[in-house]
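Coordinates as given in model-v9.txt (compact mmCIF, C-alpha atoms):
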# COMPACT_ATOMS: atom_id res chain seq x y z
CA MET A 1 -50.14 -26.05 -34.98
CA THR A 2 -50.92 -25.68 -31.31
CA ALA A 3 -50.87 -28.51 -28.79
CA VAL A 4 -54.64 -28.37 -28.56
CA MET A 5 -55.06 -28.62 -32.32
CA GLU A 6 -52.46 -31.37 -32.67
CA ASN A 7 -54.20 -33.54 -30.10
CA ALA A 8 -57.75 -32.71 -31.09
CA ASP A 9 -57.92 -35.18 -33.96
CA LEU A 10 -56.43 -38.14 -32.13
CA THR A 11 -58.35 -41.36 -32.38
CA ASP A 12 -60.54 -41.73 -29.32
CA GLU A 13 -58.53 -44.21 -27.24
CA LEU A 14 -61.66 -45.41 -25.44
CA THR A 15 -63.08 -46.81 -28.67
CA LEU A 16 -59.91 -48.62 -29.76
CA PRO A 17 -59.85 -52.42 -29.67
CA PRO A 18 -57.13 -54.14 -27.60
CA ILE A 19 -54.80 -54.70 -30.58
CA GLY A 20 -51.65 -54.40 -28.46
CA GLU A 21 -52.83 -56.95 -25.92
CA MET A 22 -53.96 -59.34 -28.66
CA GLY A 23 -50.61 -58.93 -30.39
CA ILE A 24 -48.78 -59.83 -27.18
CA ALA A 25 -51.01 -62.89 -26.67
CA ALA A 26 -50.23 -64.07 -30.23
CA LEU A 27 -46.53 -63.36 -29.70
CA ILE A 28 -46.47 -65.47 -26.51
CA LEU A 29 -48.05 -68.38 -28.41
CA VAL A 30 -45.61 -68.03 -31.33
CA VAL A 31 -42.60 -67.83 -29.01
CA ALA A 32 -43.81 -70.87 -27.03
CA ALA A 33 -44.21 -72.88 -30.25
CA GLY A 34 -40.80 -71.69 -31.41
CA ILE A 35 -39.11 -72.75 -28.18
CA TYR A 36 -40.82 -76.15 -28.28
CA LEU A 37 -39.69 -76.76 -31.87
CA THR A 38 -36.15 -75.39 -31.68
CA ALA A 39 -35.53 -77.50 -28.59
CA GLN A 40 -36.01 -80.56 -30.81
CA THR A 41 -34.88 -79.44 -34.27
CA ASN A 42 -32.59 -82.43 -34.77
CA HIS A 43 -35.41 -84.88 -34.29
CA HIS A 44 -39.01 -85.51 -35.30
CA PRO A 45 -41.02 -83.97 -32.47
CA ASN A 46 -44.74 -84.33 -31.91
CA LEU A 47 -45.93 -81.27 -33.81
CA VAL A 48 -49.43 -81.16 -32.32
CA PRO A 49 -48.63 -78.77 -29.41
CA ALA A 50 -46.81 -76.37 -31.73
CA VAL A 51 -49.51 -76.51 -34.42
CA GLY A 52 -52.19 -75.96 -31.76
CA ALA A 53 -50.39 -72.91 -30.34
CA LEU A 54 -49.80 -71.47 -33.81
CA THR A 55 -53.41 -72.04 -34.89
CA LEU A 56 -54.57 -70.16 -31.81
CA ALA A 57 -52.03 -67.41 -32.53
CA GLY A 58 -53.26 -67.22 -36.13
CA VAL A 59 -56.86 -66.85 -34.97
CA VAL A 60 -55.88 -64.10 -32.51
CA VAL A 61 -53.95 -62.21 -35.23
CA ALA A 62 -56.81 -62.61 -37.73
CA VAL A 63 -59.36 -61.30 -35.22
CA ALA A 64 -57.02 -58.40 -34.40
CA VAL A 65 -56.69 -57.55 -38.11
CA VAL A 66 -60.48 -57.57 -38.52
CA MET A 67 -60.96 -55.39 -35.44
CA LEU A 68 -58.23 -53.04 -36.66
CA ALA A 69 -59.81 -52.75 -40.11
CA ARG A 70 -63.12 -51.79 -38.52
CA ILE A 71 -61.68 -48.74 -36.75
CA GLY A 72 -63.14 -45.76 -38.52
CA LYS A 73 -61.13 -42.73 -37.42
CA PHE A 74 -57.49 -43.71 -37.31
CA ALA A 75 -54.11 -42.39 -38.49
CA TRP A 76 -53.89 -44.97 -41.27
CA GLY A 77 -51.06 -43.16 -43.05
CA LYS A 78 -48.74 -43.44 -40.05
CA PHE A 79 -49.92 -47.01 -39.40
CA ARG A 80 -49.06 -48.07 -42.95
CA MET A 81 -45.68 -46.35 -42.80
CA VAL A 82 -44.61 -48.02 -39.54
CA PHE A 83 -46.18 -51.37 -40.48
CA GLY A 84 -44.43 -51.37 -43.87
CA TRP A 85 -40.94 -50.66 -42.55
CA ALA A 86 -41.32 -53.03 -39.61
CA LEU A 87 -42.63 -55.72 -41.97
CA LEU A 88 -39.52 -55.30 -44.10
CA GLU A 89 -37.26 -55.56 -41.03
CA TYR A 90 -38.96 -58.61 -39.58
CA ALA A 91 -39.29 -60.30 -42.97
CA VAL A 92 -35.50 -60.05 -43.28
CA ILE A 93 -35.04 -61.48 -39.77
CA ALA A 94 -37.56 -64.26 -40.39
CA GLY A 95 -35.97 -65.01 -43.77
CA MET A 96 -32.57 -65.29 -42.16
CA LEU A 97 -33.87 -67.72 -39.57
CA VAL A 98 -35.53 -69.83 -42.30
CA TYR A 99 -32.20 -69.88 -44.13
CA VAL A 100 -30.47 -71.15 -40.97
CA PHE A 101 -33.07 -73.90 -40.48
CA VAL A 102 -32.84 -74.96 -44.13
CA LEU A 103 -29.05 -74.98 -43.95
CA ASP A 104 -29.25 -77.18 -40.85
CA HIS A 105 -31.48 -79.73 -42.65
CA VAL A 106 -34.33 -79.37 -40.18
CA PRO A 107 -36.93 -82.09 -41.00
CA SER A 108 -39.48 -80.78 -43.52
CA ALA A 109 -42.57 -81.11 -41.29
CA THR A 110 -40.84 -79.25 -38.45
CA LEU A 111 -39.52 -76.70 -40.94
CA ALA A 112 -43.02 -76.04 -42.29
CA VAL A 113 -44.34 -75.36 -38.79
CA LEU A 114 -41.33 -73.15 -38.00
CA ILE A 115 -41.96 -71.15 -41.20
CA ALA A 116 -45.61 -70.70 -40.22
CA ALA A 117 -44.44 -69.44 -36.82
CA LEU A 118 -42.04 -66.99 -38.46
CA VAL A 119 -44.73 -65.71 -40.85
CA LEU A 120 -47.02 -65.01 -37.89
CA PHE A 121 -44.09 -63.40 -36.06
CA ALA A 122 -43.32 -61.16 -39.05
CA VAL A 123 -46.94 -59.96 -39.33
CA ASP A 124 -47.90 -59.70 -35.65
CA ILE A 125 -45.00 -57.47 -34.61
CA PRO A 126 -45.38 -54.82 -37.35
CA MET A 127 -49.10 -54.70 -36.54
CA MET A 128 -48.32 -53.97 -32.87
CA PHE A 129 -45.73 -51.33 -33.81
CA GLY A 130 -48.02 -49.61 -36.31
CA PHE A 131 -50.92 -49.57 -33.86
CA ALA A 132 -48.77 -48.28 -30.97
CA VAL A 133 -47.65 -45.31 -33.08
CA ALA A 134 -50.85 -44.54 -35.00
CA ARG A 135 -53.12 -44.49 -31.95
CA TYR A 136 -51.42 -41.30 -30.74
CA GLN A 137 -51.17 -39.56 -34.10
CA PRO A 138 -53.53 -36.90 -35.40
CA VAL A 139 -56.03 -38.15 -37.97
CA LEU A 140 -55.64 -36.35 -41.27
CA PRO A 141 -58.81 -35.29 -43.14
CA LYS A 142 -58.26 -37.89 -45.90
CA GLU A 143 -58.01 -40.67 -43.33
CA MET B 1 -35.63 -57.21 -30.50
CA SER B 2 -34.88 -56.34 -26.92
CA ASP B 3 -34.69 -52.60 -26.44
CA ALA B 4 -33.65 -51.75 -22.95
CA VAL B 5 -34.12 -48.05 -23.35
CA ARG B 6 -35.26 -47.33 -19.85
CA MET B 7 -35.67 -43.76 -18.90
CA GLY B 8 -37.25 -41.64 -16.26
CA PRO B 9 -40.55 -40.14 -17.19
CA ILE B 10 -40.58 -36.99 -19.24
CA SER B 11 -43.37 -34.99 -17.73
CA ALA B 12 -44.77 -31.71 -18.91
CA GLU B 13 -43.64 -30.12 -15.69
CA ALA B 14 -40.32 -30.81 -13.99
CA PRO B 15 -40.70 -32.67 -10.68
CA LEU B 16 -39.80 -31.05 -7.38
CA GLY B 17 -36.11 -31.09 -6.69
CA SER B 18 -35.15 -31.45 -10.33
CA PRO B 19 -32.42 -29.18 -11.72
CA PRO B 20 -33.63 -25.74 -12.74
CA GLY B 21 -34.69 -25.63 -16.38
CA PRO B 22 -35.90 -22.95 -18.74
CA PRO B 23 -39.03 -20.95 -17.96
CA PRO B 24 -42.39 -22.79 -18.17
CA GLY B 25 -43.68 -23.55 -21.64
CA PRO B 26 -43.39 -26.35 -24.13
CA PRO B 27 -39.85 -27.77 -24.18
CA SER B 28 -38.09 -27.48 -27.51
CA VAL B 29 -37.31 -30.74 -29.29
CA PRO B 30 -34.21 -30.89 -31.48
CA ASP B 31 -34.64 -32.18 -35.00
CA PHE B 32 -33.84 -35.88 -35.20
CA SER B 33 -34.26 -38.92 -37.40
CA ILE B 34 -36.31 -41.79 -35.94
CA VAL B 35 -34.19 -44.37 -37.76
CA PRO B 36 -30.55 -43.31 -38.36
CA ARG B 37 -29.62 -44.25 -41.94
CA VAL B 38 -25.92 -44.73 -41.21
CA GLY B 39 -26.84 -47.13 -38.41
CA VAL B 40 -29.06 -49.15 -40.74
CA ALA B 41 -26.18 -49.43 -43.25
CA VAL B 42 -23.79 -50.64 -40.52
CA ALA B 43 -26.39 -53.10 -39.22
CA GLY B 44 -26.92 -54.40 -42.76
CA ALA B 45 -23.19 -54.95 -43.22
CA ILE B 46 -22.98 -56.84 -39.91
CA ILE B 47 -25.90 -59.08 -40.89
CA VAL B 48 -24.30 -59.84 -44.26
CA LEU B 49 -21.10 -60.85 -42.43
CA LEU B 50 -23.16 -63.05 -40.13
CA ILE B 51 -24.87 -64.78 -43.07
CA VAL B 52 -21.49 -65.39 -44.71
CA SER B 53 -20.17 -66.85 -41.44
CA ILE B 54 -23.18 -69.15 -41.13
CA ALA B 55 -22.99 -70.26 -44.76
CA GLY B 56 -19.24 -70.87 -44.49
CA ASN B 57 -19.52 -72.63 -41.12
CA TRP B 58 -16.78 -70.37 -39.75
CA LEU B 59 -16.65 -71.50 -36.15
CA TRP B 60 -14.43 -68.66 -34.96
CA ALA B 61 -16.68 -66.02 -36.57
CA LEU B 62 -19.81 -67.64 -35.11
CA ASP B 63 -18.18 -67.68 -31.68
CA PHE B 64 -17.13 -64.05 -32.12
CA PHE B 65 -20.61 -62.92 -33.16
CA HIS B 66 -22.26 -64.84 -30.33
CA VAL B 67 -19.87 -63.76 -27.58
CA ALA B 68 -19.45 -60.15 -28.73
CA GLY B 69 -23.12 -59.70 -29.59
CA GLY B 70 -24.37 -61.40 -26.44
CA GLY B 71 -21.93 -59.52 -24.21
CA LEU B 72 -22.99 -56.18 -25.70
CA TRP B 73 -26.69 -57.08 -25.52
CA THR B 74 -26.52 -58.06 -21.84
CA GLY B 75 -24.10 -55.27 -20.96
CA ILE B 76 -26.12 -52.52 -22.65
CA ASP B 77 -29.38 -53.86 -21.20
CA LEU B 78 -28.05 -53.87 -17.64
CA PHE B 79 -26.05 -50.65 -17.96
CA VAL B 80 -28.93 -48.68 -19.43
CA GLY B 81 -31.39 -50.09 -16.91
CA LEU B 82 -29.24 -49.73 -13.82
CA ALA B 83 -26.99 -46.72 -14.58
CA ILE B 84 -28.28 -44.58 -17.45
CA GLY B 85 -32.00 -44.84 -16.62
CA PRO B 86 -31.77 -43.45 -13.07
CA ILE B 87 -29.44 -40.66 -14.27
CA ILE B 88 -31.94 -39.61 -16.94
CA GLY B 89 -34.69 -39.69 -14.34
CA ARG B 90 -32.90 -36.90 -12.46
CA MET B 91 -32.23 -34.71 -15.50
CA SER B 92 -34.22 -31.59 -16.37
CA VAL B 93 -37.06 -32.05 -18.87
CA PRO B 94 -35.24 -30.35 -21.80
CA ALA B 95 -32.10 -32.41 -21.09
CA ARG B 96 -34.15 -35.62 -21.02
CA ILE B 97 -35.80 -34.75 -24.30
CA GLU B 98 -32.49 -33.90 -25.94
CA PHE B 99 -30.91 -37.10 -24.65
CA SER B 100 -33.90 -39.20 -25.76
CA THR B 101 -33.92 -37.79 -29.28
CA ARG B 102 -30.24 -38.68 -29.69
CA PHE B 103 -30.20 -41.95 -27.78
CA MET B 104 -33.42 -43.78 -28.57
CA PRO B 105 -33.08 -43.80 -32.40
CA LYS B 106 -29.66 -45.41 -32.03
CA MET B 107 -31.06 -48.05 -29.70
CA LEU B 108 -33.78 -48.74 -32.27
CA VAL B 109 -31.05 -50.00 -34.62
CA ILE B 110 -28.41 -51.33 -32.20
CA MET B 111 -30.53 -53.66 -30.07
CA PRO B 112 -32.37 -55.62 -32.80
CA THR B 113 -29.06 -56.08 -34.61
CA LEU B 114 -27.33 -57.38 -31.48
CA VAL B 115 -30.21 -59.71 -30.74
CA ILE B 116 -30.44 -61.30 -34.20
CA VAL B 117 -26.64 -61.64 -34.42
CA THR B 118 -26.41 -63.24 -30.97
CA LEU B 119 -29.29 -65.64 -31.48
CA ALA B 120 -28.49 -66.78 -35.03
CA ALA B 121 -24.77 -67.23 -34.28
CA GLY B 122 -25.59 -68.93 -30.97
CA TYR B 123 -27.95 -71.41 -32.58
CA GLN B 124 -25.34 -72.35 -35.18
CA LEU B 125 -22.65 -72.59 -32.53
CA ALA B 126 -24.83 -74.90 -30.46
CA ARG B 127 -25.36 -77.10 -33.53
CA HIS B 128 -21.61 -77.30 -34.21
CA LEU B 129 -20.87 -78.11 -30.57
CA GLY B 130 -23.59 -80.77 -30.45
CA PHE B 131 -25.68 -79.02 -27.77
CA LEU B 132 -28.86 -79.31 -29.89
CA ALA B 133 -28.91 -83.08 -29.47
CA PRO B 134 -31.38 -84.05 -26.72
CA ASN B 135 -28.83 -86.48 -25.27
CA SER B 136 -26.25 -83.73 -24.85
CA PRO B 137 -25.60 -82.99 -21.15
CA ASN B 138 -25.94 -79.29 -22.01
CA HIS B 139 -29.28 -79.59 -23.78
CA GLY B 140 -31.23 -78.64 -20.65
CA LEU B 141 -29.22 -75.46 -20.21
CA LEU B 142 -29.78 -74.66 -23.87
CA VAL B 143 -33.54 -75.02 -23.55
CA ALA B 144 -33.41 -72.87 -20.40
CA SER B 145 -31.66 -70.19 -22.46
CA TYR B 146 -34.42 -70.42 -25.10
CA ILE B 147 -37.03 -69.79 -22.41
CA VAL B 148 -35.09 -66.82 -21.00
CA VAL B 149 -34.71 -65.33 -24.48
CA GLY B 150 -38.40 -66.01 -25.15
CA VAL B 151 -39.44 -63.99 -22.08
CA MET B 152 -37.13 -61.15 -23.11
CA THR B 153 -38.49 -61.27 -26.66
CA VAL B 154 -42.08 -60.89 -25.52
CA ILE B 155 -41.18 -57.97 -23.23
CA ALA B 156 -39.01 -56.27 -25.84
CA LEU B 157 -41.25 -56.69 -28.89
CA GLY B 158 -44.61 -56.58 -27.18
CA LEU B 159 -44.01 -53.77 -24.68
CA LEU B 160 -40.73 -51.88 -25.00
CA GLU B 161 -40.35 -51.45 -28.74
CA PRO B 162 -43.94 -50.22 -29.36
CA ALA B 163 -43.54 -47.74 -26.48
CA ASN B 164 -40.15 -46.66 -27.80
CA LEU B 165 -41.60 -45.98 -31.26
CA ALA B 166 -44.65 -44.19 -29.87
CA VAL B 167 -42.39 -41.92 -27.79
CA LEU B 168 -40.17 -41.10 -30.77
CA PHE B 169 -43.16 -40.26 -32.96
CA GLU B 170 -44.61 -38.16 -30.14
CA LEU B 171 -41.31 -36.26 -29.85
CA LYS B 172 -41.48 -35.60 -33.60
CA LYS B 173 -44.62 -33.53 -33.08
CA GLU B 174 -44.28 -29.78 -32.87
CA ARG B 175 -45.78 -29.84 -29.36
CA PRO B 176 -45.13 -33.27 -27.76
CA ASN B 177 -47.59 -34.38 -25.11
CA GLY B 178 -45.46 -34.71 -21.96
CA GLU B 179 -48.13 -36.61 -20.07
CA ARG B 180 -48.42 -39.21 -22.83
CA ILE B 181 -44.63 -39.64 -23.02
CA SER B 182 -44.48 -40.03 -19.25
CA LYS B 183 -47.19 -42.72 -19.41
CA LEU B 184 -45.39 -44.60 -22.18
CA MET B 185 -42.04 -44.37 -20.40
CA ARG B 186 -43.53 -46.04 -17.33
CA ILE B 187 -43.45 -49.31 -19.27
CA PHE B 188 -39.65 -49.20 -19.28
CA VAL B 189 -39.54 -48.84 -15.51
CA LEU B 190 -42.15 -51.57 -14.94
CA THR B 191 -40.32 -54.14 -17.07
CA ALA B 192 -36.77 -53.23 -15.99
CA GLY B 193 -36.76 -55.73 -13.12
CA VAL B 194 -37.83 -58.72 -15.22
CA THR B 195 -35.43 -57.89 -18.04
CA GLY B 196 -32.56 -57.44 -15.57
CA LEU B 197 -33.37 -60.78 -13.95
CA MET B 198 -33.48 -62.50 -17.35
CA GLN B 199 -30.13 -60.99 -18.33
CA VAL B 200 -28.51 -62.23 -15.10
CA ALA B 201 -30.04 -65.66 -15.79
CA THR B 202 -28.51 -65.51 -19.29
CA LEU B 203 -25.09 -64.79 -17.79
CA VAL B 204 -25.41 -67.76 -15.40
CA ILE B 205 -26.59 -70.16 -18.15
CA MET B 206 -23.95 -69.07 -20.67
CA THR B 207 -21.05 -69.23 -18.23
CA ARG B 208 -22.25 -72.68 -17.11
CA LEU B 209 -22.42 -73.79 -20.77
CA ALA B 210 -18.97 -72.41 -21.54
CA THR B 211 -17.32 -74.20 -18.60
CA SER B 212 -19.20 -77.51 -18.70
What would you get if you wrote out this structure as structure tokens?
Amino acid sequence: MTAVMENADLTDELTLPPIGEMGIAALILVVAAGIYLTAQTNHHPNLVPAVGALTLAGVVVAVAVVMLARIGKFAWGKFRMVFGWALLEYAVIAGMLVYVFVLDHVPSATLAVLIAALVLFAVDIPMMFGFAVARYQPVLPKE
Amino acid sequence: MSDAVRMGPISAEAPLGSPPGPPPGPPSVPDFSIVPRVGVAVAGAIIVLLIVSIAGNWLWALDFFHVAGGGLWTGIDLFVGLAIGPIIGRMSVPARIEFSTRFMPKMLVIMPTLVIVTLAAGYQLARHLGFLAPNSPNHGLLVASYIVVGVMTVIALGLLEPANLAVLFELKKERPNGERISKLMRIFVLTAGVTGLMQVATLVIMTRLATS
């Protein structure tokens, strides 16, 4: 396969939605909520700021998923491969952190919000990784 | 998490003044595995040990994981950014590609492992030492460390790791696009300053915590 052929079927970058930027925005919100909560894990903090940040992050991720799903010509095979492995990795990391919080008897309301943050974390990052790789990959005929 | 794989750009054509390389044409890329399986097995074993240490409340082991993991994380980050990166920037294109294909897959396993080990052990250590309590005199320093780690997390997971993966997948192609790799590698250079600053801040906060 020549260089010209290998790059000919790349997804047109100009038509791609800003999935990476949206992923970073969601990540900033999740990290901010995480910092706010872990700074007060031994107590009963006001959860409103964290819930607000996570709701916003959830909306951003949901919109990104919809925009991603609407891309027609895309290297979906590579996206699924990277997303799947990264999801496994970050699910293990998130699971470990949940285990630590449970072990430390974090109050249940705080724990629930922390779990929501970790779920968003474990979905947002694989999406960014998959998109970053797939956008530069050739699109196979079946895709 | 944080992947401080910072390298000079790999361009399709060697810059002026760079060491003489092979005749013009597409550089050859050695066969490599994006994720080294042996590394994943070692990382898995380390994480199992960490979980056992957390479950058993082994203070020494938690301290070991936090100090050793954190020291390696900060050391590798600074060393790669300040020493290895500039060296790679002056290498010939084929040498850079060969180095990248051997180095970057290892960093893909090493750095996330160091980060999760350091953070999980550190959090447990802080709990045992009473630093999590808001009335602890060290609580402020602890929260400052959360913020520093948060900034590094966003840079590493939002910018560096996606670029790292995209470069590795590009290098897996029969004819990698040098211009694209160069563009992706620029992210490492642009974020090097912030990451370095955050790592120095980590050193200051941790040494203050350890001696207070």
Can you work out the spacing between CA of Val189 in chain B and CA of Gly85 in chain B in Å, to one decimal?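 Calculated distance between CA of Val189 in chain B and CA of Gly85 in chain B is 8.6 Å.
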Can you measure CA of Pro138 in chain A to CA of Phe83 in chain A for me? One decimal in Å is fine.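 Taking CA of Pro138 in chain A as the start and CA of Phe83 in chain A as the end point, the length is 17.0 Å.
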Residues of chain B within 8 Å of chain A, using all atoms listed in the file, as a ChimeraX atom specification? /B:51,54-55,116,120,124,132-134,142-143,146-147,150,154,157-158,161-163,165-166,169-170,174-177
Take the residues from that selection and write them out as a PDB file, in the frame of the given file, keeping C-alpha atoms.
ATOM      1  CA  ILE B  51     -24.870 -64.780 -43.070  1.00  0.00           C
ATOM      2  CA  ILE B  54     -23.180 -69.150 -41.130  1.00  0.00           C
ATOM      3  CA  ALA B  55     -22.990 -70.260 -44.760  1.00  0.00           C
ATOM      4  CA  ILE B 116     -30.440 -61.300 -34.200  1.00  0.00           C
ATOM      5  CA  ALA B 120     -28.490 -66.780 -35.030  1.00  0.00           C
ATOM      6  CA  GLN B 124     -25.340 -72.350 -35.180  1.00  0.00           C
ATOM      7  CA  LEU B 132     -28.860 -79.310 -29.890  1.00  0.00           C
ATOM      8  CA  ALA B 133     -28.910 -83.080 -29.470  1.00  0.00           C
ATOM      9  CA  PRO B 134     -31.380 -84.050 -26.720  1.00  0.00           C
ATOM     10  CA  LEU B 142     -29.780 -74.660 -23.870  1.00  0.00           C
ATOM     11  CA  VAL B 143     -33.540 -75.020 -23.550  1.00  0.00           C
ATOM     12  CA  TYR B 146     -34.420 -70.420 -25.100  1.00  0.00           C
ATOM     13  CA  ILE B 147     -37.030 -69.790 -22.410  1.00  0.00           C
ATOM     14  CA  GLY B 150     -38.400 -66.010 -25.150  1.00  0.00           C
ATOM     15  CA  VAL B 154     -42.080 -60.890 -25.520  1.00  0.00           C
ATOM     16  CA  LEU B 157     -41.250 -56.690 -28.890  1.00  0.00           C
ATOM     17  CA  GLY B 158     -44.610 -56.580 -27.180  1.00  0.00           C
ATOM     18  CA  GLU B 161     -40.350 -51.450 -28.740  1.00  0.00           C
ATOM     19  CA  PRO B 162     -43.940 -50.220 -29.360  1.00  0.00           C
ATOM     20  CA  ALA B 163     -43.540 -47.740 -26.480  1.00  0.00           C
ATOM     21  CA  LEU B 165     -41.600 -45.980 -31.260  1.00  0.00           C
ATOM     22  CA  ALA B 166     -44.650 -44.190 -29.870  1.00  0.00           C
ATOM     23  CA  PHE B 169     -43.160 -40.260 -32.960  1.00  0.00           C
ATOM     24  CA  GLU B 170     -44.610 -38.160 -30.140  1.00  0.00           C
ATOM     25  CA  GLU B 174     -44.280 -29.780 -32.870  1.00  0.00           C
ATOM     26  CA  ARG B 175     -45.780 -29.840 -29.360  1.00  0.00           C
ATOM     27  CA  PRO B 176     -45.130 -33.270 -27.760  1.00  0.00           C
ATOM     28  CA  ASN B 177     -47.590 -34.380 -25.110  1.00  0.00           C
TER      29      ASN B 177
END
Could you work out how far CA of Ser108 in chain A lies from CA of Thr55 in chain A, giving the answer in Å with one decimal? 18.6 Å
Find the residues around Thr15 in chain A up to 10 Å (all atoms listed in the file counted), leave out those fewer than 5 positions away in its own chain, and share them as a ChimeraX atom specification. /A:71-73
Produce a file of the selected residues containing C-alpha atoms, as a short mmCIF file (atom, residue, chain, number, x, y, z; two decimals), in the coordinates of the input.
data_model
loop_
_atom_site.label_atom_id
_atom_site.label_comp_id
_atom_site.auth_asym_id
_atom_site.auth_seq_id
_atom_site.Cartn_x
_atom_site.Cartn_y
_atom_site.Cartn_z
CA ILE A 71 -61.68 -48.74 -36.75
CA GLY A 72 -63.14 -45.76 -38.52
CA LYS A 73 -61.13 -42.73 -37.42
#
For a quick check of understanding, using only C-alpha atoms, which of A:Val139, A:Ala57, A:Val51, A:Ala64 has the smallest distance to Val113 in chain A? A:Val51
All residues 12 Å or closer to range 99-106 of chain B, all atoms listed in the file, same chain fewer than 5 positions away omitted, as an MDAnalysis selection string: chainID B and resid 3:10 28:40 42:43 80 84:85 87:89 91:94 111:113 160:161 163:172 181 185
Non-local contacts of Val65 in chain A (9 Å; only C-alpha atoms; under 4 positions in same chain excluded) as a ChimeraX atom specification: /A:19,60-61,69-70,127
